[in-house]
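Single-structure report; data block below.
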Amino acid sequence: MRRVAIVGIGHGKFGVRSDASLRELAFEAVKACLDDAGITLNEVDSMVTGIAGDEFALSLQPSAQVHDYIGFYPKPNFRVEGACATGSMALRTGYMNIASGLADVVLVVGVEKMTEVPTPVATEIMGKAGDSIWEYPFGTTFPGYYAMIANAHMAEYGTTEEQLAMVAVKNHYYGSLNPYAHMQKVIDLQKALTSFTVAYPLKLFDCSLITDGAAAVMIASEERAKAISKKPVWIVGTGLATDTLRLGDRTSLTSIPAAREAARIAYKMAGVGPSDIDVATVHDCFTIAEIVAYEDLGFCEKGEGGKLIEAKETYLGGRIPVNVDGGLKSKGHPIGATGVSMAVEITKQLRGEAGERQVKGAEIGLAHNVGGTGQVVAVHIFRRE
Amino acid sequence: MEFKNFSLNISQTKVSRFIDELAAGKFMATVCRRCGRKYYPPQADCTRCMESDMEWEEIPTEGKIVTFTKIHVPPEHFGIPQPLMPFSSVIFEPCPIGLIEVEGGLKIMGWIPKMDIKKIKVGMKMKASSFTLPNGKLTIVLEPI
């Protein structure tokens, strides 16, 4: 397989973007990405668009809107979907295009416009990311699924609501330093703990946000990467794994088994282990998900995730800084864009361009992106030279 | 009975017998005649054999709760309309849901209408039974035993 590097990044402002449509959001990220790479679309061979929900886009072929709006015809465009892991699956699809020799330069765009529908409808659409026949009749929602993971984790390992809230406090702090974040607001433990319950035991501040936004990365073959970029960031590991549709059929309710498998594959491919990772973005759609991610990625032992945040080991200066861009929690979670946004953040970190959120001297970064309740998980490992 | 009375979403499936049995109080799984793998919720096809030679079998309904929650912000389908009277509000008290594991490792999801969420503990013994709601829909409830 050929080597693949990120040679350009673009990120739009995340938030309730009532000023912009799906295609306009995508344009912002694509434009920024082209500027960063210093190339034009004429030099791009192919495009991958990650959009998770036709229901959100109110359209059958939303990626055609994006493709048309940037005027990429007649070149190929692939639409990729994997619920909340859509963005990372788009990155992997782009990677496959280049690694196989089918293309030399590929534009990967992730975008979601979630606030065009009212919140109860968005809640319903997200809830149906579980089993819409056998689980949904019990009123399941996305927070509901993760609340069930939280209750199982708390019962098994003694994880506390305070520890969950500590994840929110950390991610809001870093989100306040990220100009692209949806919610740039610092919160304290008390505020998180006294917010209203969304799905017991998860409270408002345990939950990520319903967000509009887009992110884009330009990826290239080794030869083109070296010509385009002075600081290419290499994709050295890509792991993708899947699991059962229903939570009840999983081998574990206290972890995301597909994340463990995706991480194992990615670490092996990259030839590194958890202790080699300098900075990570993990899928904190809910605070419990970040704690479970620490464990699934091997940043701590099983059941010790709550203690890891309590010891502040995932802050800047800690053993393994996690989600120092604010995470889904505070940066926002436009589901198709999230995985691409993670790649943008890690690229910034490895190029040393993350400003006051910079992990000093970061060489190796990891992005962990969970689709649905863990039906599909992508883990990518990135490295600078 | 129409399958949609249970699923709320779809009406067409090969395993619609499930809800006729459920209406009669029976929890039925499908079992692969070739490899013996049991499916609850039932499947018309065996994932392991890639064959479709299945039979129906009643499963136990008593087990231990493995996890639970109470969803305070419901999807639109389960939401409540705003009251018509100005300056008034409807208080929404949702019902907890849970997942019990019965003999053989199968898991049954259901509503837990009779318990305070704070009193539900992982590991508690519960029994699943079918329940017909006032609107005629068929569902599953879990009760402590």
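In the structure tokens, chains take the letters A, B, ... in the order shown, each chain's residues start at 1, and ligands count up from 1 in the order shown.
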
For this session: Please determine the contact residues of chain B with respect to chain A at a cut-off of 10 Å, counting only C-alpha atoms, and supply them as number ranges by chain.
Result: B: 3-11, 39-42, 65-79, 94-101, 105-111, 117-118, 121-123, 138-141

Take the selection from the previous step and output its residues with C-alpha atoms, as a PDB file, in the first residue's frame.
```pdb
ATOM      1  CA  PHE B   3     -46.584  -6.051  13.947  1.00  0.00           C
ATOM      2  CA  LYS B   4     -46.644  -2.273  14.024  1.00  0.00           C
ATOM      3  CA  ASN B   5     -48.632  -2.489  17.255  1.00  0.00           C
ATOM      4  CA  PHE B   6     -45.351  -3.472  18.847  1.00  0.00           C
ATOM      5  CA  SER B   7     -42.616  -2.007  16.634  1.00  0.00           C
ATOM      6  CA  LEU B   8     -44.354   1.356  16.144  1.00  0.00           C
ATOM      7  CA  ASN B   9     -42.366   1.758  12.931  1.00  0.00           C
ATOM      8  CA  ILE B  10     -42.679  -1.184  10.576  1.00  0.00           C
ATOM      9  CA  SER B  11     -45.434  -3.659   9.819  1.00  0.00           C
ATOM     10  CA  TYR B  39     -32.344 -15.496  18.772  1.00  0.00           C
ATOM     11  CA  TYR B  40     -34.186 -13.017  20.946  1.00  0.00           C
ATOM     12  CA  PRO B  41     -35.407 -10.745  19.509  1.00  0.00           C
ATOM     13  CA  PRO B  42     -36.352 -13.420  16.976  1.00  0.00           C
ATOM     14  CA  ILE B  65     -31.329  -6.599  35.360  1.00  0.00           C
ATOM     15  CA  VAL B  66     -28.057  -5.731  33.613  1.00  0.00           C
ATOM     16  CA  THR B  67     -28.705  -2.052  33.034  1.00  0.00           C
ATOM     17  CA  PHE B  68     -31.435   0.579  33.015  1.00  0.00           C
ATOM     18  CA  THR B  69     -32.181   4.272  32.560  1.00  0.00           C
ATOM     19  CA  LYS B  70     -34.999   6.785  32.640  1.00  0.00           C
ATOM     20  CA  ILE B  71     -35.288   9.008  29.592  1.00  0.00           C
ATOM     21  CA  HIS B  72     -36.429  12.498  30.558  1.00  0.00           C
ATOM     22  CA  VAL B  73     -36.050  14.036  27.103  1.00  0.00           C
ATOM     23  CA  PRO B  74     -38.113  11.758  24.872  1.00  0.00           C
ATOM     24  CA  PRO B  75     -38.102  11.438  21.102  1.00  0.00           C
ATOM     25  CA  GLU B  76     -40.914  13.256  19.319  1.00  0.00           C
ATOM     26  CA  HIS B  77     -42.989  10.088  19.055  1.00  0.00           C
ATOM     27  CA  PHE B  78     -43.098   9.725  22.847  1.00  0.00           C
ATOM     28  CA  GLY B  79     -43.304  13.426  23.619  1.00  0.00           C
ATOM     29  CA  PRO B  94     -41.220   9.326  32.418  1.00  0.00           C
ATOM     30  CA  CYS B  95     -41.071   5.584  33.015  1.00  0.00           C
ATOM     31  CA  PRO B  96     -37.695   3.841  33.490  1.00  0.00           C
ATOM     32  CA  ILE B  97     -36.590   1.164  31.017  1.00  0.00           C
ATOM     33  CA  GLY B  98     -34.214  -1.717  31.539  1.00  0.00           C
ATOM     34  CA  LEU B  99     -32.595  -4.782  30.114  1.00  0.00           C
ATOM     35  CA  ILE B 100     -32.794  -8.141  31.866  1.00  0.00           C
ATOM     36  CA  GLU B 101     -30.659 -11.163  31.134  1.00  0.00           C
ATOM     37  CA  GLY B 105     -27.767 -15.038  28.078  1.00  0.00           C
ATOM     38  CA  LEU B 106     -30.690 -13.623  26.088  1.00  0.00           C
ATOM     39  CA  LYS B 107     -31.678 -10.083  27.004  1.00  0.00           C
ATOM     40  CA  ILE B 108     -35.189  -8.681  27.167  1.00  0.00           C
ATOM     41  CA  MET B 109     -35.846  -4.944  27.072  1.00  0.00           C
ATOM     42  CA  GLY B 110     -38.879  -3.506  28.776  1.00  0.00           C
ATOM     43  CA  TRP B 111     -40.518  -0.667  30.693  1.00  0.00           C
ATOM     44  CA  ILE B 117     -35.294   4.878  39.383  1.00  0.00           C
ATOM     45  CA  LYS B 118     -33.148   5.379  42.503  1.00  0.00           C
ATOM     46  CA  LYS B 121     -29.937  -1.695  41.077  1.00  0.00           C
ATOM     47  CA  VAL B 122     -27.987  -3.738  38.550  1.00  0.00           C
ATOM     48  CA  GLY B 123     -28.353  -7.405  39.491  1.00  0.00           C
ATOM     49  CA  LEU B 138     -48.548  -4.176  22.843  1.00  0.00           C
ATOM     50  CA  THR B 139     -45.410  -3.801  24.901  1.00  0.00           C
ATOM     51  CA  ILE B 140     -43.192  -5.443  27.529  1.00  0.00           C
ATOM     52  CA  VAL B 141     -42.926  -4.573  31.210  1.00  0.00           C
TER      53      VAL B 141
END
```

Exercise. Got a sec: who's within 9 Å of stretch 280-285 of chain A, counting only C-alpha atoms, leaving out chain neighbours fewer than 4 positions off, as a PyMOL selection string?
Worked result: chain A and resi 84-85+143+146+167+206-209+289-291+293-294+320-325+327-329+332-333+338-339+342-343+345-346+364-370

Atoms to include: C-alpha atoms. Write the selected residues as a compact mmCIF listing (two decimals), in the first residue's frame.
```
# COMPACT_ATOMS: atom_id res chain seq x y z
CA CYS A 84 -21.45 9.46 14.28
CA ALA A 85 -18.34 7.72 12.82
CA PRO A 143 -28.54 9.72 25.68
CA TYR A 146 -25.22 5.85 26.82
CA VAL A 167 -15.02 15.21 31.87
CA ASP A 206 -22.97 15.11 30.25
CA CYS A 207 -24.31 15.37 26.70
CA SER A 208 -22.74 16.65 23.49
CA LEU A 209 -24.54 19.27 21.47
CA ALA A 289 -18.15 7.68 26.46
CA GLU A 290 -14.88 9.53 27.13
CA ILE A 291 -14.25 7.49 30.28
CA ALA A 293 -12.70 5.45 25.56
CA TYR A 294 -9.76 5.90 27.96
CA ILE A 320 -2.29 11.71 27.88
CA PRO A 321 -4.10 14.93 26.91
CA VAL A 322 -7.55 14.08 25.51
CA ASN A 323 -9.97 16.33 23.64
CA VAL A 324 -8.04 19.53 24.20
CA ASP A 325 -10.13 20.99 21.37
CA GLY A 327 -14.38 17.41 22.25
CA LEU A 328 -17.86 16.70 20.98
CA LYS A 329 -19.03 17.89 24.38
CA GLY A 332 -20.20 20.30 19.20
CA HIS A 333 -21.10 17.14 17.32
CA THR A 338 -17.00 15.04 13.77
CA GLY A 339 -14.48 12.45 12.54
CA MET A 342 -10.87 15.17 14.88
CA ALA A 343 -8.34 14.70 12.04
CA GLU A 345 -7.35 18.91 15.36
CA ILE A 346 -4.70 16.17 15.45
CA ILE A 364 1.94 10.94 17.43
CA GLY A 365 -1.80 11.56 17.66
CA LEU A 366 -4.90 9.37 17.74
CA ALA A 367 -8.54 9.91 16.75
CA HIS A 368 -11.29 7.60 18.06
CA ASN A 369 -14.71 7.97 16.44
CA VAL A 370 -17.70 5.87 17.49
```

Exercise. Mind checking DSSP for stretch 70-105 of chain B and telling me the strand (DSSP E or B) residues as a ChimeraX atom specification?
Worked result: /B:71,97-102

Written file, previous selection with C-alpha atoms, as an mmCIF file, in the first residue's frame:
```
data_model
loop_
_atom_site.group_PDB
_atom_site.id
_atom_site.type_symbol
_atom_site.label_atom_id
_atom_site.label_comp_id
_atom_site.auth_asym_id
_atom_site.auth_seq_id
_atom_site.Cartn_x
_atom_site.Cartn_y
_atom_site.Cartn_z
ATOM 1 C CA ILE B 71 -35.288 9.008 29.592
ATOM 2 C CA ILE B 97 -36.590 1.164 31.017
ATOM 3 C CA GLY B 98 -34.214 -1.717 31.539
ATOM 4 C CA LEU B 99 -32.595 -4.782 30.114
ATOM 5 C CA ILE B 100 -32.794 -8.141 31.866
ATOM 6 C CA GLU B 101 -30.659 -11.163 31.134
ATOM 7 C CA VAL B 102 -32.481 -14.489 31.268
#
```

Problem set entry | Distance query stretch 105-115 of chain A at most 7 Å, only C-alpha atoms, self and fewer than 5 positions along chain excluded, as JSON, numbers by chain | {"A": [16, 21, 22, 26, 44, 45, 46, 47, 48, 49, 50, 51, 56, 57, 87, 90, 91, 94, 210, 211, 212, 213, 214, 215, 216, 217, 218, 219, 220, 221, 334, 335, 336, 337, 340]}

For this session: Do a neighbour search on A:Arg357 at 10 Å with only C-alpha atoms, toss out local chain neighbours closer than 3 positions, and write the hits as a VMD selection string.
Result: chain A and resid 174 to 175 177 to 178 315 to 316 321 323 to 326 349 352 to 354 360

Exercise. With only C-alpha atoms as the basis for distance, which of A:Leu204, A:Leu297, A:Ala378, A:Ala168 is at the shortest distance from A:Lys185?
Worked result: A:Ala168

Exercise. Within 9 Å of A:Lys13, counting only C-alpha atoms, which residues qualify if same-chain residues fewer than 3 places away don't, as a list of chain:residue names?
Worked result: A:Arg17, A:Leu25, A:Glu28, A:Ala29, A:Pro179, A:Tyr180, A:Ala181, A:His182, A:Asp212, A:Gly213, A:Ala214

With N, CA and C atoms retained, export the selected residues as a PDB file, in the first residue's frame.
```pdb
ATOM      1  N   ARG A  17     -26.033  27.041  13.322  1.00  0.00           N
ATOM      2  CA  ARG A  17     -25.707  27.912  12.197  1.00  0.00           C
ATOM      3  C   ARG A  17     -26.961  28.204  11.380  1.00  0.00           C
ATOM      4  N   LEU A  25     -22.258  25.326   4.508  1.00  0.00           N
ATOM      5  CA  LEU A  25     -21.351  24.923   5.595  1.00  0.00           C
ATOM      6  C   LEU A  25     -20.157  24.166   5.015  1.00  0.00           C
ATOM      7  N   GLU A  28     -17.478  26.362   3.356  1.00  0.00           N
ATOM      8  CA  GLU A  28     -16.552  27.053   4.270  1.00  0.00           C
ATOM      9  C   GLU A  28     -15.335  26.181   4.573  1.00  0.00           C
ATOM     10  N   ALA A  29     -15.599  24.912   4.868  1.00  0.00           N
ATOM     11  CA  ALA A  29     -14.508  24.006   5.245  1.00  0.00           C
ATOM     12  C   ALA A  29     -13.630  23.678   4.040  1.00  0.00           C
ATOM     13  N   PRO A 179     -11.758  28.653  18.984  1.00  0.00           N
ATOM     14  CA  PRO A 179     -12.680  29.599  18.321  1.00  0.00           C
ATOM     15  C   PRO A 179     -13.731  28.911  17.445  1.00  0.00           C
ATOM     16  N   TYR A 180     -13.503  27.652  17.061  1.00  0.00           N
ATOM     17  CA  TYR A 180     -14.469  26.946  16.218  1.00  0.00           C
ATOM     18  C   TYR A 180     -15.530  26.197  17.028  1.00  0.00           C
ATOM     19  N   ALA A 181     -15.376  26.212  18.360  1.00  0.00           N
ATOM     20  CA  ALA A 181     -16.284  25.428  19.204  1.00  0.00           C
ATOM     21  C   ALA A 181     -17.688  26.024  19.249  1.00  0.00           C
ATOM     22  N   HIS A 182     -18.662  25.152  19.359  1.00  0.00           N
ATOM     23  CA  HIS A 182     -20.069  25.546  19.473  1.00  0.00           C
ATOM     24  C   HIS A 182     -20.287  26.320  20.778  1.00  0.00           C
ATOM     25  N   ASP A 212     -24.509  22.258  13.956  1.00  0.00           N
ATOM     26  CA  ASP A 212     -24.268  22.330  12.519  1.00  0.00           C
ATOM     27  C   ASP A 212     -22.782  22.592  12.327  1.00  0.00           C
ATOM     28  N   GLY A 213     -22.218  21.988  11.283  1.00  0.00           N
ATOM     29  CA  GLY A 213     -20.805  22.302  11.028  1.00  0.00           C
ATOM     30  C   GLY A 213     -20.185  21.418   9.982  1.00  0.00           C
ATOM     31  N   ALA A 214     -19.007  21.831   9.558  1.00  0.00           N
ATOM     32  CA  ALA A 214     -18.276  21.081   8.529  1.00  0.00           C
ATOM     33  C   ALA A 214     -16.780  21.163   8.789  1.00  0.00           C
TER      34      ALA A 214
END
```

Exercise. Which neighbours of A:Gly374 fall inside 7 Å, counting only C-alpha atoms, when residues of the same chain fewer than 4 positions from it are skipped, and could you give them as a PyMOL selection string?
Worked result: chain A and resi 243+256+258+370

Go ahead and dump the residues you just picked, C-alpha atoms, as a PDB file, in the first residue's frame.
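Saved as again04.pdb:
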```
ATOM      1  CA  ASP A 243     -20.410  -4.807  16.494  1.00  0.00           C
ATOM      2  CA  ILE A 256     -17.412  -0.442  23.292  1.00  0.00           C
ATOM      3  CA  ALA A 258     -15.613  -2.458  18.462  1.00  0.00           C
ATOM      4  CA  VAL A 370     -17.701   5.867  17.487  1.00  0.00           C
TER       5      VAL A 370
END
```

Exercise. Interatomic distance between atom CA of A:Ser229 and atom CA of A:Gly8?
Worked result: 7.9 Å
